[in-house]
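Heads up, the thing below is written out as structure tokens.
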Amino acid sequence: PPSPLLALCTFLVSEKHAGDQSLWKPYLEILPKAYTCPVCLEPEVVNLFPKPLKAKAEEQRAHVQGFFSSSRDFFSSLQPLFSEAVESIFSYSALLWAWCTVNTRAVYVKHRQEQCFSREPNTCALAPYLDLLNHSPHVQVKAAFNEETRCYEIRTASGCRKHEEVFICYGPHDNQRLLLEYGFVSIQNPHACVYVSEDILVKYLPLTDKQMNKKISILKDHDFIENLTFGWDGPSWRLRTALKLLCLEAEEFTCWKKILLGEIISDTNEKRSLVIAQKICQYFIEETNAMLRKVSHMKDEEVALINQLALVETLWTEELRILQASAEILNSLQTAFR
Ligand SMILES: C[S@@+](CC[C@H](N)C(=O)[O-])C[C@H]1O[C@@H](n2cnc3c(N)ncnc32)[C@H](O)[C@@H]1O
């Protein structure tokens with residue numbers, strides 16, 4: 001049997017195909033004709049993404065392609081319902097549109113398992129009208145299906161002035177996640193951050209450190225090698241902790257547990273880790289400026305891609321602002337040690 005997601009996508013494609021005959025025509029007409037999720041962007045634009053996002057965007061593309069290939073037999077089984085060939089109705093572009101519609105608009109509703117579906121979680125529902133609400137990271141809402149009223153209810157804890165747009169919050173997502181899942185970037189997003197990968201983490205540490213491999217495996221064992229970030233308020237606690245551990249002198253090495261518990265080992269360790277954080281931050285600022293120059297150049301050359309490139313440009317511009325804020329914070333933290 002089809003998965004609940006495949007059933008929903010099939011419903012969208014076949015109702016869209018029905019055109020004027022569809023009961024859902026008014027809803028289908030207000031849906032976007034195209035999407036800006038990474039799976040819909042040109043590969044040369046995805047190539048300009050920050051590395052972690054690029055990897056996730058490629059995973060997303062492979063996932064949707066796999067979803068299409070594995071659904072073909074099911075689409076063929078629907079042939080008796082259509083006069084035209086199902087291959088032309090349930091094409092890759094039609095399924096991609098439906099997948100993006102569900103991914104960017106569906107709400108979470110727990111349904112019971114249905115015999116007619118496979119055992120994948122049945123938690124997506126499309127809610128016309130509700131799905132017109134845009135995201136703001138600055139509002140607080142409570143949203144859920146109320147079993148008593150049989151209504152999906154959204155209650156806001158933030159005020160909204162008369163005639164102003166009402167926003168909801170899709171979650172405390174950073175900009176890379178918003179772009180991956182919803183195809184947009186939020187300006188001055190308090191949850192936005194710049195990710196530091198393992199190779200950059202060790203880039204400015206001495207190659208001569210004999211304990212480096214051991215330190216890296218400690219970080220890995222204690223789940224401190226991922227989600228290391230710079231944010232609006234400087235390097236995250238996780239990033240600072242990982243750097244303090246990597247900066248331990250040979251004679252301090254036995255103190256690594258204390259570092260993971262948030263203790264200060266020595267002024268030298270604090271100072272060294274801040275210097276490395278500043279170097280990493282400067283490296284990112286240079287890389288980000290280089291990417292912004294590249295995107296700007298491509299905007300002149302590839303006029304047809306201007307909207308896609310503008311999206312990437314906004315992402316890098318926000319990352320640059322975060323890094324500049326982090327660099328200032330690191331400067332003031334370092335002066336405390338001078
Ligand atoms: C649930 S729909 C919201 C309604 C949407 N504007 C529409 O009717 O197409 C989610 C989509 O709206 C857009 N969106 C939501 N919040 C946004 C924001 N703050 N800035 C830009 N686009 C936003 C994104 O394209 C996202 O995938």
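Ordering of the structure tokens sets the chain letters (A, B, ...), residue numbers begin anew at 1 in every chain, and ligands are numbered from 1 in the order given.
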For segment 87-102 of chain A, please output as a ChimeraX atom specification all residues within 9 Å (counting only C-alpha atoms; exclusion window: fewer than 4 positions along the same chain).
/A:5-6,8-14,17,31-37,39-40,64-65,67-69,72,75-76,106-107,124-126,181-182
What do you get as a compact mmCIF listing (two decimals) with N, CA and C atoms, in the first residue's frame if you pick all residues at most 7 Å from ligand 1, counting only C-alpha atoms and all ligand atoms?
```
# COMPACT_ATOMS: atom_id res chain seq x y z
N ILE A 30 -4.64 28.69 -5.12
CA ILE A 30 -3.82 29.61 -4.29
C ILE A 30 -2.46 28.99 -3.92
N LEU A 31 -2.26 27.76 -4.27
CA LEU A 31 -0.95 27.14 -3.96
C LEU A 31 0.13 27.70 -4.89
N PRO A 32 1.36 27.84 -4.39
CA PRO A 32 2.43 28.31 -5.27
C PRO A 32 2.58 27.40 -6.49
N TYR A 35 8.37 26.28 -6.31
CA TYR A 35 8.93 26.39 -4.96
C TYR A 35 10.41 26.74 -5.01
N THR A 36 10.92 27.19 -3.86
CA THR A 36 12.35 27.54 -3.80
C THR A 36 13.09 26.66 -2.79
N THR A 104 6.22 22.08 2.72
CA THR A 104 6.25 23.48 3.18
C THR A 104 4.94 23.90 3.85
N ARG A 105 3.86 23.10 3.69
CA ARG A 105 2.55 23.59 4.15
C ARG A 105 1.83 22.68 5.13
N ASP A 131 -2.74 27.30 6.23
CA ASP A 131 -1.42 27.24 5.59
C ASP A 131 -1.08 28.53 4.83
N LEU A 132 -1.88 29.57 5.04
CA LEU A 132 -1.51 30.87 4.43
C LEU A 132 -0.63 31.68 5.37
N LEU A 133 -0.48 31.19 6.59
CA LEU A 133 0.24 31.99 7.59
C LEU A 133 1.76 31.86 7.42
N ASN A 134 2.40 33.00 7.33
CA ASN A 134 3.86 33.03 7.20
C ASN A 134 4.54 32.92 8.56
N HIS A 135 5.85 32.72 8.49
CA HIS A 135 6.64 32.47 9.71
C HIS A 135 7.34 33.75 10.20
N SER A 136 7.32 33.92 11.51
CA SER A 136 8.20 34.92 12.12
C SER A 136 8.84 34.27 13.33
N TYR A 182 11.74 25.09 3.94
CA TYR A 182 10.66 25.99 3.50
C TYR A 182 11.05 26.90 2.32
N GLY A 183 12.34 26.92 1.97
CA GLY A 183 12.74 27.71 0.80
C GLY A 183 12.81 29.21 1.03
N PHE A 184 13.04 29.64 2.27
CA PHE A 184 13.28 31.07 2.50
C PHE A 184 14.25 31.27 3.66
N VAL A 185 14.70 32.54 3.78
CA VAL A 185 15.66 32.89 4.83
C VAL A 185 15.04 34.04 5.62
N SER A 186 15.18 33.99 6.94
CA SER A 186 14.58 35.03 7.77
C SER A 186 15.66 36.04 8.19
```
Taking only segment 138-177 of chain A into account, list the residues labelled strand (DSSP E) by DSSP (computed from the backbone), as a PyMOL selection string.
chain A and resi 141-146+151-156+167-168
May I have the residues within 10 Å of Arg240 of chain A as a ChimeraX atom specification, using only C-alpha atoms and disregarding those fewer than 4 positions away in the same chain?
/A:228-230,234-236,244-246,259,262,270,273-274,276-277
Run DSSP on the backbone and grab whatever in segment 128-276 of chain A lands in alpha helix (DSSP H); send it over as number ranges by chain.
A: 175-182, 198-201, 212-221, 237-246, 256-260, 267-276
Find the residue from A:Glu153, A:Glu249, A:Glu120, A:Glu287 that sits nearest to Pro50 of chain A; use only C-alpha atoms when measuring.
A:Glu287
Residues within 12 Å of Phe145 of chain A, please, as a VMD selection string. Count only C-alpha atoms; anything in the same chain fewer than 3 positions from it doesn't count.
chain A and resid 107 to 111 123 125 127 130 142 148 to 155
Find the residues around Gly159 of chain A up to 12 Å (only C-alpha atoms counted), leave out those fewer than 5 positions away in its own chain, and share them as a PDB file with C-alpha atoms, in the first residue's frame.
```pdb
ATOM      1  CA  HIS A 138       9.654  36.585  16.951  1.00  0.00           C
ATOM      2  CA  VAL A 139       6.134  35.371  17.692  1.00  0.00           C
ATOM      3  CA  GLN A 140       4.970  32.702  20.084  1.00  0.00           C
ATOM      4  CA  VAL A 141       2.031  30.488  19.216  1.00  0.00           C
ATOM      5  CA  GLU A 164      -0.718  44.046  10.235  1.00  0.00           C
ATOM      6  CA  GLU A 165       0.144  40.613   8.899  1.00  0.00           C
ATOM      7  CA  VAL A 166      -0.433  37.802  11.406  1.00  0.00           C
ATOM      8  CA  PHE A 167       2.509  35.441  11.706  1.00  0.00           C
ATOM      9  CA  ILE A 168       2.976  32.056  13.293  1.00  0.00           C
TER      10      ILE A 168
END
```
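Going from atom CA of Tyr170 of chain A to atom CA of Gln60 of chain A covers 19.3 Å.
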Segment 265-267 of chain A environment, 8 Å, only C-alpha atoms, sequence neighbours closer than 3 positions dropped, as a list in words:
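So the residues in contact are Glu252, Cys255, Lys258, Ile259, Glu270, Lys271 and Phe337 of chain A.
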Atom CA of Ala7 of chain A to atom CA of Glu42 of chain A, distance in Å rounded to a single decimal:
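Value for the atom CA of Ala7 of chain A-atom CA of Glu42 of chain A distance: 27.6 Å.
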Quote the spacing between atom CA of Ala144 of chain A and atom CA of Glu114 of chain A in Å to one decimal place.
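Atom CA of Ala144 of chain A sits 21.3 Å away from atom CA of Glu114 of chain A.
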Using only C-alpha atoms, find the one residue out of A:Asp209, A:Asp174, A:Glu58, A:Asp199 that sits nearest to Ile322 of chain A.
A:Asp174
With distances taken over only C-alpha atoms, which of A:Gly231, A:Arg119, A:Leu179, A:Leu81 is nearest to His191 of chain A?
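Smallest separation from His191 of chain A among the options: A:Gly231.
Distances here use only C-alpha atoms; by that measure, the residue among A:Glu319, A:Ser3, A:Arg293, A:Leu261 closest to Ser118 of chain A is A:Ser3.
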Set the distance at 9 Å and use only C-alpha atoms: which residues neighbour Ala325 of chain A once local chain neighbours fewer than 2 positions away are removed? I'd like the list as number ranges by chain.
A: 231-234, 320-323, 327-330
Expected file: the selected residues, N, CA and C atoms, as a PDB file, in the first residue's frame:
```
ATOM      1  N   GLY A 231      26.935  32.412  16.789  1.00  0.00           N
ATOM      2  CA  GLY A 231      25.600  33.013  16.733  1.00  0.00           C
ATOM      3  C   GLY A 231      25.707  34.509  16.957  1.00  0.00           C
ATOM      4  N   TRP A 232      24.554  35.170  17.095  1.00  0.00           N
ATOM      5  CA  TRP A 232      24.552  36.629  17.318  1.00  0.00           C
ATOM      6  C   TRP A 232      25.258  36.977  18.614  1.00  0.00           C
ATOM      7  N   ASP A 233      25.268  36.035  19.594  1.00  0.00           N
ATOM      8  CA  ASP A 233      25.934  36.343  20.864  1.00  0.00           C
ATOM      9  C   ASP A 233      27.286  35.631  20.979  1.00  0.00           C
ATOM     10  N   GLY A 234      27.949  35.450  19.842  1.00  0.00           N
ATOM     11  CA  GLY A 234      29.316  34.914  19.845  1.00  0.00           C
ATOM     12  C   GLY A 234      29.361  33.411  19.634  1.00  0.00           C
ATOM     13  N   LEU A 320      27.250  36.605   7.378  1.00  0.00           N
ATOM     14  CA  LEU A 320      28.317  37.597   7.569  1.00  0.00           C
ATOM     15  C   LEU A 320      28.010  38.483   8.785  1.00  0.00           C
ATOM     16  N   ARG A 321      26.763  38.901   8.909  1.00  0.00           N
ATOM     17  CA  ARG A 321      26.380  39.748  10.056  1.00  0.00           C
ATOM     18  C   ARG A 321      26.616  39.009  11.377  1.00  0.00           C
ATOM     19  N   ILE A 322      26.260  37.730  11.391  1.00  0.00           N
ATOM     20  CA  ILE A 322      26.449  36.932  12.616  1.00  0.00           C
ATOM     21  C   ILE A 322      27.940  36.850  12.957  1.00  0.00           C
ATOM     22  N   LEU A 323      28.762  36.620  11.923  1.00  0.00           N
ATOM     23  CA  LEU A 323      30.208  36.477  12.154  1.00  0.00           C
ATOM     24  C   LEU A 323      30.810  37.795  12.632  1.00  0.00           C
ATOM     25  N   ALA A 327      32.741  38.281  16.028  1.00  0.00           N
ATOM     26  CA  ALA A 327      34.119  38.789  16.084  1.00  0.00           C
ATOM     27  C   ALA A 327      34.225  39.908  17.117  1.00  0.00           C
ATOM     28  N   GLU A 328      33.225  40.781  17.176  1.00  0.00           N
ATOM     29  CA  GLU A 328      33.251  41.878  18.157  1.00  0.00           C
ATOM     30  C   GLU A 328      33.191  41.333  19.571  1.00  0.00           C
ATOM     31  N   ILE A 329      32.315  40.349  19.773  1.00  0.00           N
ATOM     32  CA  ILE A 329      32.187  39.755  21.113  1.00  0.00           C
ATOM     33  C   ILE A 329      33.504  39.086  21.519  1.00  0.00           C
ATOM     34  N   LEU A 330      34.121  38.397  20.554  1.00  0.00           N
ATOM     35  CA  LEU A 330      35.394  37.725  20.860  1.00  0.00           C
ATOM     36  C   LEU A 330      36.473  38.743  21.209  1.00  0.00           C
TER      37      LEU A 330
END
```
Calculated over only C-alpha atoms, which of the candidates A:Ala336, A:Cys247, A:Val202, A:Leu28 has the smallest distance to Lys16 of chain A?
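Nearest candidate to Lys16 of chain A out of A:Ala336, A:Cys247, A:Val202, A:Leu28: A:Leu28.
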So, counting only C-alpha atoms, which residue among A:Ala157, A:Met212, A:Leu178, A:Ala85 is closest to Pro38 of chain A?
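Using only C-alpha atoms, Pro38 of chain A sits closest to A:Leu178.
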